[in-house]
>>> print(open('data.pdb').read())   # PDB, C-alpha atoms and all ligand atoms
ATOM      1  CA  MET A   1       0.000   0.000   0.000  1.00  0.00           C
ATOM      2  CA  ALA A   2       2.789   2.360   0.934  1.00  0.00           C
ATOM      3  CA  GLU A   3       4.302   1.904  -2.539  1.00  0.00           C
ATOM      4  CA  ARG A   4       1.153   2.090  -4.561  1.00  0.00           C
ATOM      5  CA  LYS A   5      -0.168   5.353  -3.187  1.00  0.00           C
ATOM      6  CA  PRO A   6       2.621   7.706  -4.354  1.00  0.00           C
ATOM      7  CA  LYS A   7       2.558   6.052  -7.815  1.00  0.00           C
ATOM      8  CA  LYS A   8      -1.159   6.653  -8.163  1.00  0.00           C
ATOM      9  CA  GLN A   9      -0.839  10.285  -7.082  1.00  0.00           C
ATOM     10  CA  ALA A  10       2.019  10.919  -9.500  1.00  0.00           C
ATOM     11  CA  LYS A  11       0.038   9.476 -12.390  1.00  0.00           C
ATOM     12  CA  ARG A  12      -3.000  11.570 -11.579  1.00  0.00           C
ATOM     13  CA  ALA A  13      -0.917  14.735 -11.281  1.00  0.00           C
ATOM     14  CA  SER A  14       0.708  14.189 -14.686  1.00  0.00           C
ATOM     15  CA  GLN A  15      -2.653  13.513 -16.309  1.00  0.00           C
ATOM     16  CA  ARG A  16      -3.988  16.710 -14.818  1.00  0.00           C
ATOM     17  CA  ALA A  17      -1.058  18.705 -16.154  1.00  0.00           C
ATOM     18  CA  LYS A  18      -1.757  17.542 -19.708  1.00  0.00           C
ATOM     19  CA  GLU A  19      -5.442  18.218 -19.681  1.00  0.00           C
ATOM     20  CA  PRO A  20      -6.269  21.854 -20.413  1.00  0.00           C
ATOM     21  CA  ILE A  21      -8.729  23.204 -17.893  1.00  0.00           C
ATOM     22  CA  GLU A  22     -10.543  26.390 -17.030  1.00  0.00           C
ATOM     23  CA  ARG A  23     -12.590  27.704 -14.153  1.00  0.00           C
ATOM     24  CA  ARG A  24     -16.241  28.449 -14.835  1.00  0.00           C
ATOM     25  CA  PHE A  25     -17.801  31.262 -12.819  1.00  0.00           C
ATOM     26  CA  PRO A  26     -21.589  31.597 -12.901  1.00  0.00           C
ATOM     27  CA  PRO A  27     -22.660  35.261 -12.665  1.00  0.00           C
ATOM     28  CA  SER A  28     -23.873  36.675  -9.383  1.00  0.00           C
ATOM     29  CA  ARG A  29     -27.537  37.601  -9.853  1.00  0.00           C
ATOM     30  CA  THR A  30     -27.667  39.735  -6.731  1.00  0.00           C
ATOM     31  CA  HIS A  31     -26.071  42.681  -8.475  1.00  0.00           C
ATOM     32  CA  MET A  32     -28.892  43.850 -10.717  1.00  0.00           C
ATOM     33  CA  ARG A  33     -28.251  47.523 -11.132  1.00  0.00           C
ATOM     34  CA  THR A  34     -30.664  49.795  -9.257  1.00  0.00           C
ATOM     35  CA  ALA A  35     -31.540  51.758 -12.406  1.00  0.00           C
ATOM     36  CA  THR A  36     -32.281  48.590 -14.381  1.00  0.00           C
ATOM     37  CA  ALA A  37     -34.368  47.190 -11.520  1.00  0.00           C
ATOM     38  CA  LEU A  38     -36.325  50.469 -11.290  1.00  0.00           C
ATOM     39  CA  VAL A  39     -37.076  50.503 -15.039  1.00  0.00           C
ATOM     40  CA  GLY A  40     -38.276  46.884 -14.783  1.00  0.00           C
ATOM     41  CA  PHE A  41     -40.456  47.715 -11.770  1.00  0.00           C
ATOM     42  CA  VAL A  42     -42.062  50.769 -13.444  1.00  0.00           C
ATOM     43  CA  GLY A  43     -42.513  48.729 -16.652  1.00  0.00           C
ATOM     44  CA  ALA A  44     -44.316  45.961 -14.753  1.00  0.00           C
ATOM     45  CA  PHE A  45     -46.558  48.534 -13.043  1.00  0.00           C
ATOM     46  CA  MET A  46     -47.424  50.231 -16.366  1.00  0.00           C
ATOM     47  CA  LEU A  47     -48.131  46.876 -17.983  1.00  0.00           C
ATOM     48  CA  GLY A  48     -50.507  45.960 -15.145  1.00  0.00           C
ATOM     49  CA  ALA A  49     -52.265  49.343 -15.304  1.00  0.00           C
ATOM     50  CA  GLY A  50     -52.522  49.042 -19.105  1.00  0.00           C
ATOM     51  CA  VAL A  51     -54.046  45.566 -18.934  1.00  0.00           C
ATOM     52  CA  PHE A  52     -56.569  46.829 -16.369  1.00  0.00           C
ATOM     53  CA  GLY A  53     -57.430  49.875 -18.505  1.00  0.00           C
ATOM     54  CA  GLN A  54     -57.771  47.909 -21.731  1.00  0.00           C
ATOM     55  CA  TRP A  55     -59.481  44.670 -20.748  1.00  0.00           C
ATOM     56  CA  ILE A  56     -60.961  45.026 -17.281  1.00  0.00           C
ATOM     57  CA  ARG A  57     -62.127  48.636 -16.970  1.00  0.00           C
ATOM     58  CA  GLU A  58     -65.495  49.532 -18.565  1.00  0.00           C
ATOM     59  CA  PRO A  59     -65.280  51.431 -20.864  1.00  0.00           C
ATOM     60  CA  ALA A  60     -61.635  50.737 -21.891  1.00  0.00           C
ATOM     61  CA  ALA A  61     -59.270  53.691 -21.394  1.00  0.00           C
ATOM     62  CA  SER A  62     -58.047  55.160 -24.700  1.00  0.00           C
ATOM     63  CA  PHE A  63     -54.431  55.332 -23.489  1.00  0.00           C
ATOM     64  CA  ALA A  64     -54.368  51.740 -22.192  1.00  0.00           C
ATOM     65  CA  PRO A  65     -52.798  50.142 -25.335  1.00  0.00           C
ATOM     66  CA  TYR A  66     -49.888  52.621 -25.081  1.00  0.00           C
ATOM     67  CA  LEU A  67     -49.410  51.737 -21.417  1.00  0.00           C
ATOM     68  CA  VAL A  68     -49.357  48.016 -22.293  1.00  0.00           C
ATOM     69  CA  ALA A  69     -46.823  48.541 -25.106  1.00  0.00           C
ATOM     70  CA  ALA A  70     -44.520  50.885 -23.150  1.00  0.00           C
ATOM     71  CA  GLY A  71     -44.717  48.760 -19.974  1.00  0.00           C
ATOM     72  CA  ALA A  72     -43.908  45.531 -21.836  1.00  0.00           C
ATOM     73  CA  LEU A  73     -40.993  47.206 -23.630  1.00  0.00           C
ATOM     74  CA  MET A  74     -39.508  48.526 -20.366  1.00  0.00           C
ATOM     75  CA  LEU A  75     -39.937  45.189 -18.593  1.00  0.00           C
ATOM     76  CA  VAL A  76     -38.378  43.126 -21.385  1.00  0.00           C
ATOM     77  CA  GLY A  77     -35.645  45.751 -21.889  1.00  0.00           C
ATOM     78  CA  SER A  78     -34.644  45.680 -18.222  1.00  0.00           C
ATOM     79  CA  LEU A  79     -34.452  41.860 -18.230  1.00  0.00           C
ATOM     80  CA  VAL A  80     -32.359  41.810 -21.420  1.00  0.00           C
ATOM     81  CA  ILE A  81     -29.985  44.516 -20.139  1.00  0.00           C
ATOM     82  CA  ASN A  82     -29.635  42.665 -16.855  1.00  0.00           C
ATOM     83  CA  ASP A  83     -28.858  39.409 -18.655  1.00  0.00           C
ATOM     84  CA  LEU A  84     -26.278  41.052 -20.933  1.00  0.00           C
ATOM     85  CA  GLY A  85     -23.948  41.755 -18.060  1.00  0.00           C
ATOM     86  CA  LEU A  86     -24.573  38.418 -16.409  1.00  0.00           C
ATOM     87  CA  SER A  87     -23.073  35.704 -18.563  1.00  0.00           C
ATOM     88  CA  ALA A  88     -20.948  32.999 -17.006  1.00  0.00           C
ATOM     89  CA  LEU A  89     -17.235  33.596 -17.433  1.00  0.00           C
ATOM     90  CA  ARG A  90     -14.437  31.084 -17.891  1.00  0.00           C
ATOM     91  CA  VAL A  91     -10.771  31.667 -17.125  1.00  0.00           C
ATOM     92  CA  GLY A  92      -8.086  29.084 -17.770  1.00  0.00           C
ATOM     93  CA  ASP A  93      -5.421  27.653 -20.067  1.00  0.00           C
ATOM     94  CA  ALA A  94      -7.103  28.940 -23.244  1.00  0.00           C
ATOM     95  CA  GLY A  95      -7.653  32.513 -22.029  1.00  0.00           C
ATOM     96  CA  VAL A  96     -10.982  34.057 -21.095  1.00  0.00           C
ATOM     97  CA  ALA A  97     -14.378  32.990 -22.441  1.00  0.00           C
ATOM     98  CA  LEU A  98     -17.819  34.539 -22.112  1.00  0.00           C
ATOM     99  CA  GLU A  99     -20.762  32.155 -22.335  1.00  0.00           C
ATOM    100  CA  LYS A 100     -23.335  33.434 -24.810  1.00  0.00           C
ATOM    101  CA  ARG A 101     -26.244  31.010 -24.769  1.00  0.00           C
ATOM    102  CA  SER A 102     -24.871  27.908 -26.566  1.00  0.00           C
ATOM    103  CA  GLU A 103     -21.673  29.610 -27.763  1.00  0.00           C
ATOM    104  CA  LEU A 104     -18.447  30.723 -26.115  1.00  0.00           C
ATOM    105  CA  GLU A 105     -16.825  34.009 -27.057  1.00  0.00           C
ATOM    106  CA  ARG A 106     -13.137  33.365 -26.415  1.00  0.00           C
ATOM    107  CA  ILE A 107     -10.069  35.566 -26.295  1.00  0.00           C
ATOM    108  CA  ALA A 108      -6.760  33.706 -26.038  1.00  0.00           C
ATOM    109  CA  TRP A 109      -4.017  35.088 -23.753  1.00  0.00           C
ATOM    110  CA  CYS A 110      -1.694  35.486 -26.742  1.00  0.00           C
ATOM    111  CA  ASP A 111      -4.206  37.749 -28.549  1.00  0.00           C
ATOM    112  CA  MET A 112      -4.741  40.160 -25.641  1.00  0.00           C
ATOM    113  CA  GLN A 113      -3.205  43.595 -26.134  1.00  0.00           C
ATOM    114  CA  ARG A 114      -4.398  45.591 -23.148  1.00  0.00           C
ATOM    115  CA  ILE A 115      -6.494  44.961 -20.044  1.00  0.00           C
ATOM    116  CA  HIS A 116      -7.777  48.033 -18.244  1.00  0.00           C
ATOM    117  CA  ALA A 117     -10.733  49.249 -16.156  1.00  0.00           C
ATOM    118  CA  VAL A 118     -13.264  51.834 -17.387  1.00  0.00           C
ATOM    119  CA  LYS A 119     -16.296  52.973 -15.359  1.00  0.00           C
ATOM    120  CA  GLY A 120     -16.810  49.784 -13.357  1.00  0.00           C
ATOM    121  CA  SER A 121     -15.992  47.428 -16.215  1.00  0.00           C
ATOM    122  CA  LEU A 122     -12.887  45.489 -17.093  1.00  0.00           C
ATOM    123  CA  VAL A 123     -12.028  45.976 -20.760  1.00  0.00           C
ATOM    124  CA  ILE A 124      -9.984  43.350 -22.587  1.00  0.00           C
ATOM    125  CA  GLU A 125      -8.691  44.640 -25.892  1.00  0.00           C
ATOM    126  CA  ALA A 126      -7.489  42.002 -28.304  1.00  0.00           C
ATOM    127  CA  GLN A 127      -6.804  41.519 -31.989  1.00  0.00           C
ATOM    128  CA  GLY A 128     -10.200  41.860 -33.652  1.00  0.00           C
ATOM    129  CA  ALA A 129     -12.249  41.776 -30.444  1.00  0.00           C
ATOM    130  CA  THR A 130     -12.983  43.747 -27.293  1.00  0.00           C
ATOM    131  CA  LEU A 131     -14.620  42.246 -24.232  1.00  0.00           C
ATOM    132  CA  ARG A 132     -16.260  44.472 -21.615  1.00  0.00           C
ATOM    133  CA  LEU A 133     -16.996  42.752 -18.312  1.00  0.00           C
ATOM    134  CA  PRO A 134     -18.899  44.465 -15.461  1.00  0.00           C
ATOM    135  CA  ILE A 135     -16.606  44.089 -12.440  1.00  0.00           C
ATOM    136  CA  ARG A 136     -19.079  43.873  -9.525  1.00  0.00           C
ATOM    137  CA  PRO A 137     -21.200  40.906 -10.681  1.00  0.00           C
ATOM    138  CA  ASN A 138     -18.046  39.131 -11.918  1.00  0.00           C
ATOM    139  CA  ALA A 139     -15.697  40.044  -9.062  1.00  0.00           C
ATOM    140  CA  VAL A 140     -14.411  36.515  -8.321  1.00  0.00           C
ATOM    141  CA  ALA A 141     -13.924  35.656 -12.010  1.00  0.00           C
ATOM    142  CA  ILE A 142     -12.127  38.949 -12.603  1.00  0.00           C
ATOM    143  CA  ALA A 143      -9.879  38.391  -9.580  1.00  0.00           C
ATOM    144  CA  TRP A 144      -8.839  35.080 -11.176  1.00  0.00           C
ATOM    145  CA  LEU A 145      -8.512  36.655 -14.612  1.00  0.00           C
ATOM    146  CA  LEU A 146      -6.124  39.285 -13.286  1.00  0.00           C
ATOM    147  CA  ARG A 147      -4.126  36.735 -11.289  1.00  0.00           C
ATOM    148  CA  GLU A 148      -3.701  34.595 -14.426  1.00  0.00           C
ATOM    149  CA  THR A 149      -2.798  37.676 -16.474  1.00  0.00           C
ATOM    150  CA  VAL A 150      -0.001  38.538 -14.034  1.00  0.00           C
ATOM    151  CA  ARG A 151       1.300  34.963 -14.320  1.00  0.00           C
ATOM    152  CA  ARG A 152       0.947  34.553 -18.079  1.00  0.00           C
ATOM    153  CA  ILE A 153       1.082  37.920 -19.915  1.00  0.00           C
ATOM    154  CA  PRO A 154       1.909  40.653 -17.357  1.00  0.00           C
ATOM    155  CA  ASP A 155       2.846  43.218 -20.022  1.00  0.00           C
ATOM    156  CA  VAL A 156      -0.775  43.768 -21.119  1.00  0.00           C
ATOM    157  CA  LEU A 157      -2.036  44.543 -17.608  1.00  0.00           C
ATOM    158  CA  ASP A 158      -2.959  48.204 -17.189  1.00  0.00           C
ATOM    159  CA  VAL A 159      -5.273  48.069 -14.160  1.00  0.00           C
ATOM    160  CA  LYS A 160      -4.762  50.457 -11.237  1.00  0.00           C
ATOM    161  CA  ALA A 161      -3.916  48.973  -7.836  1.00  0.00           C
ATOM    162  CA  ALA A 162      -7.036  50.642  -6.358  1.00  0.00           C
ATOM    163  CA  VAL A 163      -9.243  48.500  -8.629  1.00  0.00           C
ATOM    164  CA  MET A 164      -7.274  45.320  -7.929  1.00  0.00           C
ATOM    165  CA  ASP A 165      -7.455  45.922  -4.157  1.00  0.00           C
ATOM    166  CA  GLN A 166     -11.273  45.896  -4.220  1.00  0.00           C
ATOM    167  CA  LEU A 167     -11.386  42.382  -5.649  1.00  0.00           C
ATOM    168  CA  PRO A 168     -11.641  39.256  -3.484  1.00  0.00           C
ATOM    169  CA  LYS A 169      -8.535  37.130  -3.034  1.00  0.00           C
ATOM    170  CA  PRO A 170      -8.661  34.142  -5.432  1.00  0.00           C
ATOM    171  CA  ARG A 171      -9.241  30.840  -3.624  1.00  0.00           C
ATOM    172  CA  GLU A 172      -8.610  27.331  -4.936  1.00  0.00           C
ATOM    173  CA  ASP A 173     -12.267  26.354  -4.462  1.00  0.00           C
ATOM    174  CA  ASP A 174     -13.587  29.312  -6.510  1.00  0.00           C
ATOM    175  CA  GLY A 175     -15.667  28.443  -9.569  1.00  0.00           C
ATOM    176  CA  GLU A 176     -16.006  25.023 -11.136  1.00  0.00           C
ATOM    177  CA  LEU A 177     -13.090  23.298 -12.879  1.00  0.00           C
ATOM    178  CA  VAL A 178     -14.064  22.186 -16.393  1.00  0.00           C
ATOM    179  CA  PRO A 179     -11.968  20.601 -19.167  1.00  0.00           C
ATOM    180  CA  ILE A 180     -11.425  22.706 -22.281  1.00  0.00           C
ATOM    181  CA  ARG A 181     -12.897  21.032 -25.332  1.00  0.00           C
ATOM    182  CA  MET A 182     -13.956  22.108 -28.814  1.00  0.00           C
ATOM    183  CA  LEU A 183     -11.577  25.051 -29.211  1.00  0.00           C
ATOM    184  CA  GLN A 184     -12.000  26.847 -32.510  1.00  0.00           C
ATOM    185  CA  ILE A 185      -8.481  26.836 -33.887  1.00  0.00           C
ATOM    186  CA  ALA A 186      -9.040  25.888 -37.548  1.00  0.00           C
ATOM    187  CA  GLY A 187      -8.467  28.987 -39.665  1.00  0.00           C
ATOM    188  CA  ARG A 188      -5.645  30.354 -37.491  1.00  0.00           C
ATOM    189  CA  ARG A 189      -2.040  30.355 -38.657  1.00  0.00           C
ATOM    190  CA  CYS A 190       0.923  28.720 -36.945  1.00  0.00           C
ATOM    191  CA  LYS A 191       2.895  31.472 -35.176  1.00  0.00           C
ATOM    192  CA  GLU A 192       6.181  29.851 -36.251  1.00  0.00           C
ATOM    193  CA  SER A 193       5.602  28.679 -39.847  1.00  0.00           C
ATOM    194  CA  GLU A 194       2.492  30.721 -40.755  1.00  0.00           C
ATOM    195  CA  LYS A 195       0.998  27.474 -41.993  1.00  0.00           C
ATOM    196  CA  LEU A 196      -2.813  27.518 -41.990  1.00  0.00           C
ATOM    197  CA  ILE A 197      -4.295  25.199 -39.370  1.00  0.00           C
ATOM    198  CA  THR A 198      -7.032  23.282 -41.153  1.00  0.00           C
ATOM    199  CA  PHE A 199      -7.678  20.613 -38.530  1.00  0.00           C
ATOM    200  CA  GLU A 200      -7.923  21.270 -34.795  1.00  0.00           C
ATOM    201  CA  ALA A 201      -5.973  18.025 -34.216  1.00  0.00           C
ATOM    202  CA  ASP A 202      -2.918  19.533 -35.997  1.00  0.00           C
ATOM    203  CA  ALA A 203      -2.666  22.446 -33.562  1.00  0.00           C
ATOM    204  CA  ARG A 204      -0.404  22.540 -30.508  1.00  0.00           C
ATOM    205  CA  LEU A 205      -0.875  25.280 -27.931  1.00  0.00           C
ATOM    206  CA  CYS A 206       1.559  27.023 -25.602  1.00  0.00           C
ATOM    207  CA  PRO A 207       0.734  26.054 -21.981  1.00  0.00           C
ATOM    208  CA  LYS A 208       1.285  29.635 -20.814  1.00  0.00           C
ATOM    209  CA  CYS A 209      -0.254  31.959 -23.428  1.00  0.00           C
ATOM    210  CA  ALA A 210      -2.223  29.528 -25.684  1.00  0.00           C
ATOM    211  CA  GLN A 211      -0.303  30.628 -28.778  1.00  0.00           C
ATOM    212  CA  VAL A 212      -1.037  28.242 -31.663  1.00  0.00           C
ATOM    213  CA  TYR A 213       1.555  26.192 -33.562  1.00  0.00           C
ATOM    214  CA  HIS A 214       1.243  23.524 -36.232  1.00  0.00           C
ATOM    215  CA  LYS A 215       2.301  20.177 -34.762  1.00  0.00           C
ATOM    216  CA  GLU A 216       5.196  19.994 -37.271  1.00  0.00           C
ATOM    217  CA  SER A 217       6.503  23.489 -36.489  1.00  0.00           C
ATOM    218  CA  VAL A 218       6.576  23.735 -32.689  1.00  0.00           C
ATOM    219  CA  PRO A 219       9.636  25.836 -31.706  1.00  0.00           C
ATOM    220  CA  GLN A 220      11.767  25.270 -28.584  1.00  0.00           C
ATOM    221  CA  HIS A 221      10.360  28.432 -26.999  1.00  0.00           C
ATOM    222  CA  CYS A 222       7.046  30.203 -27.551  1.00  0.00           C
ATOM    223  CA  ALA A 223       7.450  33.150 -29.919  1.00  0.00           C
ATOM    224  CA  THR A 224       4.980  35.193 -27.850  1.00  0.00           C
ATOM    225  CA  CYS A 225       5.826  34.501 -24.188  1.00  0.00           C
ATOM    226  CA  ARG A 226       9.209  32.659 -24.438  1.00  0.00           C
ATOM    227  CA  GLU A 227       7.905  29.676 -22.441  1.00  0.00           C
ATOM    228  CA  GLY A 228       9.798  26.411 -23.101  1.00  0.00           C
ATOM    229  CA  LEU A 229       7.545  24.243 -25.276  1.00  0.00           C
ATOM    230  CA  ALA A 230       9.403  20.899 -25.576  1.00  0.00           C
ATOM    231  CA  GLY A 231       6.887  18.226 -24.500  1.00  0.00           C
ATOM    232  CA  ARG A 232       4.670  20.813 -22.834  1.00  0.00           C
ATOM    233  CA  THR A 233       2.209  21.890 -25.527  1.00  0.00           C
ATOM    234  CA  TRP A 234      -1.434  20.856 -25.369  1.00  0.00           C
ATOM    235  CA  HIS A 235      -4.184  20.186 -27.862  1.00  0.00           C
ATOM    236  CA  THR A 236      -7.912  19.476 -27.854  1.00  0.00           C
TER
HETATM  237 ZN    ZN A 301       3.386  31.290 -25.086  1.00  0.00          ZN
END
>>> encode(input="data.pdb", output="C-alpha cells")
Amino acid sequence: MAERKPKKQAKRASQRAKEPIERRFPPSRTHMRTATALVGFVGAFMLGAGVFGQWIREPAASFAPYLVAAGALMLVGSLVINDLGLSALRVGDAGVALEKRSELERIAWCDMQRIHAVKGSLVIEAQGATLRLPIRPNAVAIAWLLRETVRRIPDVLDVKAAVMDQLPKPREDDGELVPIRMLQIAGRRCKESEKLITFEADARLCPKCAQVYHKESVPQHCATCREGLAGRTWHT
C-alpha cells in the first residue's frame, strides 16, 4: 500500500497537467443595477395598469394600449440589459471565455493587447475583439482573470492597484473546474511557420499563453511569451 499510493498520485498529477482546464464562474444575480431594476419595476406597473385599462375597466381607457406597449418594452428591456452583463465567465489555459447562450466568445491570452478598467468594467482589448466585463457581478472571475494575467502575460495589464485591491482574493475552491474542449483553432495560422491550421488536431498550444503552432513546427520556446515548449504543448 505504501508503494502504490505515491505512484497513483504521480500518475493523476501528470494527467492533470496535460489536460487543459478552465474555471467556470456563474454570474452573481444579486447585483442587478438599481436603475435597471427600477425601469423593470415601473414597466411591470405600467403593464398591469394598461391591462386593467384595456381589458378590465369599462369602458376601456383610450391610453391603455400605449401603457401596455410601453410597460412591456420597459420590462423586457430591463431583463435583457440585466442578462447582458450576467453571462458565465471562464478563465483558464485557453484565455478568457464569455458564455453566450450555446456559444463561447473566447479571447486567447496570446491575442490580448491591453487589459484596463473603465467605469466599473474590465475591458480586454485584443486583436479583432474587445470584451467588456462588469466588475461587480463578476468580481471573483475577474480576480482570477487578473491573477492569471499577471502569471501569463503581465505586459498587457494596465489596471490600477485601487481596482485590484477591491477584488476578493482568489481561492482554490472558486468556480467550477471544467476541461477545455472544442476550441476553434481551424483557420488560425501557426505562429512559427504561418501554416494555416485546417484541422484542430494539428494544432499545438503554448501552456502559458495559448499561442497556436502547427504540430510539425513547434519551436523550442514560444514566440509570444518565451515559455519552453518541448513536451509541454497541449491540444484538444
Ligand atoms: Zn506562449
>>> atom_distance(input="data.pdb", atom1="CA of Glu216 in chain A", atom2="CA of Ala94 in chain A")
20.7 Å
>>> closest_residue(input="data.pdb", among="A:Val118, A:Cys225, A:Ala143, A:Ala97", to="Met164 in chain A", atoms="only C-alpha atoms")
A:Ala143
>>> closest_atom_pairs(input="data.pdb", of="chain A", to="ligand ZN 301 (chain A)", cutoff="7 Å", atoms="only C-alpha atoms and all ligand atoms", output="Markdown table")
| residue | atom | partner | partner_atom | distance |
| --- | --- | --- | --- | --- |
| A:Cys110 | CA | A:ZN301 | ZN | 6.8 |
| A:Cys206 | CA | A:ZN301 | ZN | 4.7 |
| A:Pro207 | CA | A:ZN301 | ZN | 6.6 |
| A:Lys208 | CA | A:ZN301 | ZN | 5.0 |
| A:Cys209 | CA | A:ZN301 | ZN | 4.1 |
| A:Ala210 | CA | A:ZN301 | ZN | 5.9 |
| A:Gln211 | CA | A:ZN301 | ZN | 5.3 |
| A:Cys222 | CA | A:ZN301 | ZN | 4.5 |
| A:Ala223 | CA | A:ZN301 | ZN | 6.6 |
| A:Thr224 | CA | A:ZN301 | ZN | 5.0 |
| A:Cys225 | CA | A:ZN301 | ZN | 4.1 |
| A:Arg226 | CA | A:ZN301 | ZN | 6.0 |
| A:Glu227 | CA | A:ZN301 | ZN | 5.5 |
>>> resolve_selection(input="data.pdb", expression="the PyMOL selection byres (((chain A and resi 235) around 9) and not hetatm)", output="list in words")
Lys18, Glu19, Pro20, Leu183, Glu200, Ala201, Asp202, Ala203, Arg204, Leu205, Thr233, Trp234 and Thr236 of chain A
>>> resolve_selection(input="data.pdb", expression="the PyMOL selection byres (((chain A and resi 61-66) around 10) and not hetatm)", output="list of chain:residue names")
A:Met46, A:Leu47, A:Gly48, A:Ala49, A:Gly50, A:Val51, A:Phe52, A:Gly53, A:Gln54, A:Trp55, A:Ile56, A:Arg57, A:Glu58, A:Pro59, A:Ala60, A:Leu67, A:Val68, A:Ala69, A:Ala70, A:Gly71, A:Ala72
>>> write_last_selection(input="data.pdb", atoms="C-alpha atoms", output="PDB file, in the frame of the given file")
ATOM      1  CA  MET A  46     -47.424  50.231 -16.366  1.00  0.00           C
ATOM      2  CA  LEU A  47     -48.131  46.876 -17.983  1.00  0.00           C
ATOM      3  CA  GLY A  48     -50.507  45.960 -15.145  1.00  0.00           C
ATOM      4  CA  ALA A  49     -52.265  49.343 -15.304  1.00  0.00           C
ATOM      5  CA  GLY A  50     -52.522  49.042 -19.105  1.00  0.00           C
ATOM      6  CA  VAL A  51     -54.046  45.566 -18.934  1.00  0.00           C
ATOM      7  CA  PHE A  52     -56.569  46.829 -16.369  1.00  0.00           C
ATOM      8  CA  GLY A  53     -57.430  49.875 -18.505  1.00  0.00           C
ATOM      9  CA  GLN A  54     -57.771  47.909 -21.731  1.00  0.00           C
ATOM     10  CA  TRP A  55     -59.481  44.670 -20.748  1.00  0.00           C
ATOM     11  CA  ILE A  56     -60.961  45.026 -17.281  1.00  0.00           C
ATOM     12  CA  ARG A  57     -62.127  48.636 -16.970  1.00  0.00           C
ATOM     13  CA  GLU A  58     -65.495  49.532 -18.565  1.00  0.00           C
ATOM     14  CA  PRO A  59     -65.280  51.431 -20.864  1.00  0.00           C
ATOM     15  CA  ALA A  60     -61.635  50.737 -21.891  1.00  0.00           C
ATOM     16  CA  LEU A  67     -49.410  51.737 -21.417  1.00  0.00           C
ATOM     17  CA  VAL A  68     -49.357  48.016 -22.293  1.00  0.00           C
ATOM     18  CA  ALA A  69     -46.823  48.541 -25.106  1.00  0.00           C
ATOM     19  CA  ALA A  70     -44.520  50.885 -23.150  1.00  0.00           C
ATOM     20  CA  GLY A  71     -44.717  48.760 -19.974  1.00  0.00           C
ATOM     21  CA  ALA A  72     -43.908  45.531 -21.836  1.00  0.00           C
TER      22      ALA A  72
END
>>> resolve_selection(input="data.pdb", expression="the PyMOL selection byres (((chain A and resi 194-199) around 10) and not hetatm)", output="PyMOL selection string")
chain A and resi 184-193+200-203+212-217
>>> closest_residue(input="data.pdb", among="A:Pro26, A:Gly40, A:Gly77, A:Gly128", to="Glu99 in chain A", atoms="all atoms listed in the file")
A:Pro26
>>> atom_distance(input="data.pdb", atom1="CA of Arg101 in chain A", atom2="CA of Arg24 in chain A")
14.3 Å
>>> atom_distance(input="data.pdb", atom1="CA of Lys100 in chain A", atom2="CA of Asp165 in chain A")
28.9 Å
>>> closest_residue(input="data.pdb", among="A:Leu122, A:Leu133, A:Met112, A:Ala117", to="Ile153 in chain A", atoms="all atoms listed in the file")
A:Met112
>>> closest_residue(input="data.pdb", among="A:Asp158, A:Asp93, A:Asp174, A:Glu148", to="Arg114 in chain A", atoms="only C-alpha atoms")
A:Asp158
>>> closest_residue(input="data.pdb", among="A:Gln113, A:Ser78, A:Thr36, A:Gln166", to="Ile142 in chain A", atoms="all atoms listed in the file")
A:Gln166
>>> closest_residue(input="data.pdb", among="A:Met74, A:Ala129, A:Ala108, A:Val39", to="Val91 in chain A", atoms="all atoms listed in the file")
A:Ala108
>>> axis_aligned_box(input="data.pdb", around="range 118-128 of chain A", padding_each_side="6 Å", output="JSON")
{"center_x": -11.8, "center_y": 47.2, "center_z": -23.5, "size_x": 22.0, "size_y": 23.5, "size_z": 32.3}
>>> residues_around(input="data.pdb", residues="Pro168 in chain A", least_positions_apart="5", cutoff="12 Å", atoms="all atoms listed in the file", output="number ranges by chain")
A: 135-136, 138-147, 163, 174
>>> write_last_selection(input="data.pdb", atoms="C-alpha atoms", output="short mmCIF file (atom, residue, chain, number, x, y, z; two decimals), in the coordinates of the input")
data_model
loop_
_atom_site.label_atom_id
_atom_site.label_comp_id
_atom_site.auth_asym_id
_atom_site.auth_seq_id
_atom_site.Cartn_x
_atom_site.Cartn_y
_atom_site.Cartn_z
CA ILE A 135 -16.61 44.09 -12.44
CA ARG A 136 -19.08 43.87 -9.52
CA ASN A 138 -18.05 39.13 -11.92
CA ALA A 139 -15.70 40.04 -9.06
CA VAL A 140 -14.41 36.52 -8.32
CA ALA A 141 -13.92 35.66 -12.01
CA ILE A 142 -12.13 38.95 -12.60
CA ALA A 143 -9.88 38.39 -9.58
CA TRP A 144 -8.84 35.08 -11.18
CA LEU A 145 -8.51 36.66 -14.61
CA LEU A 146 -6.12 39.28 -13.29
CA ARG A 147 -4.13 36.74 -11.29
CA VAL A 163 -9.24 48.50 -8.63
CA ASP A 174 -13.59 29.31 -6.51
#
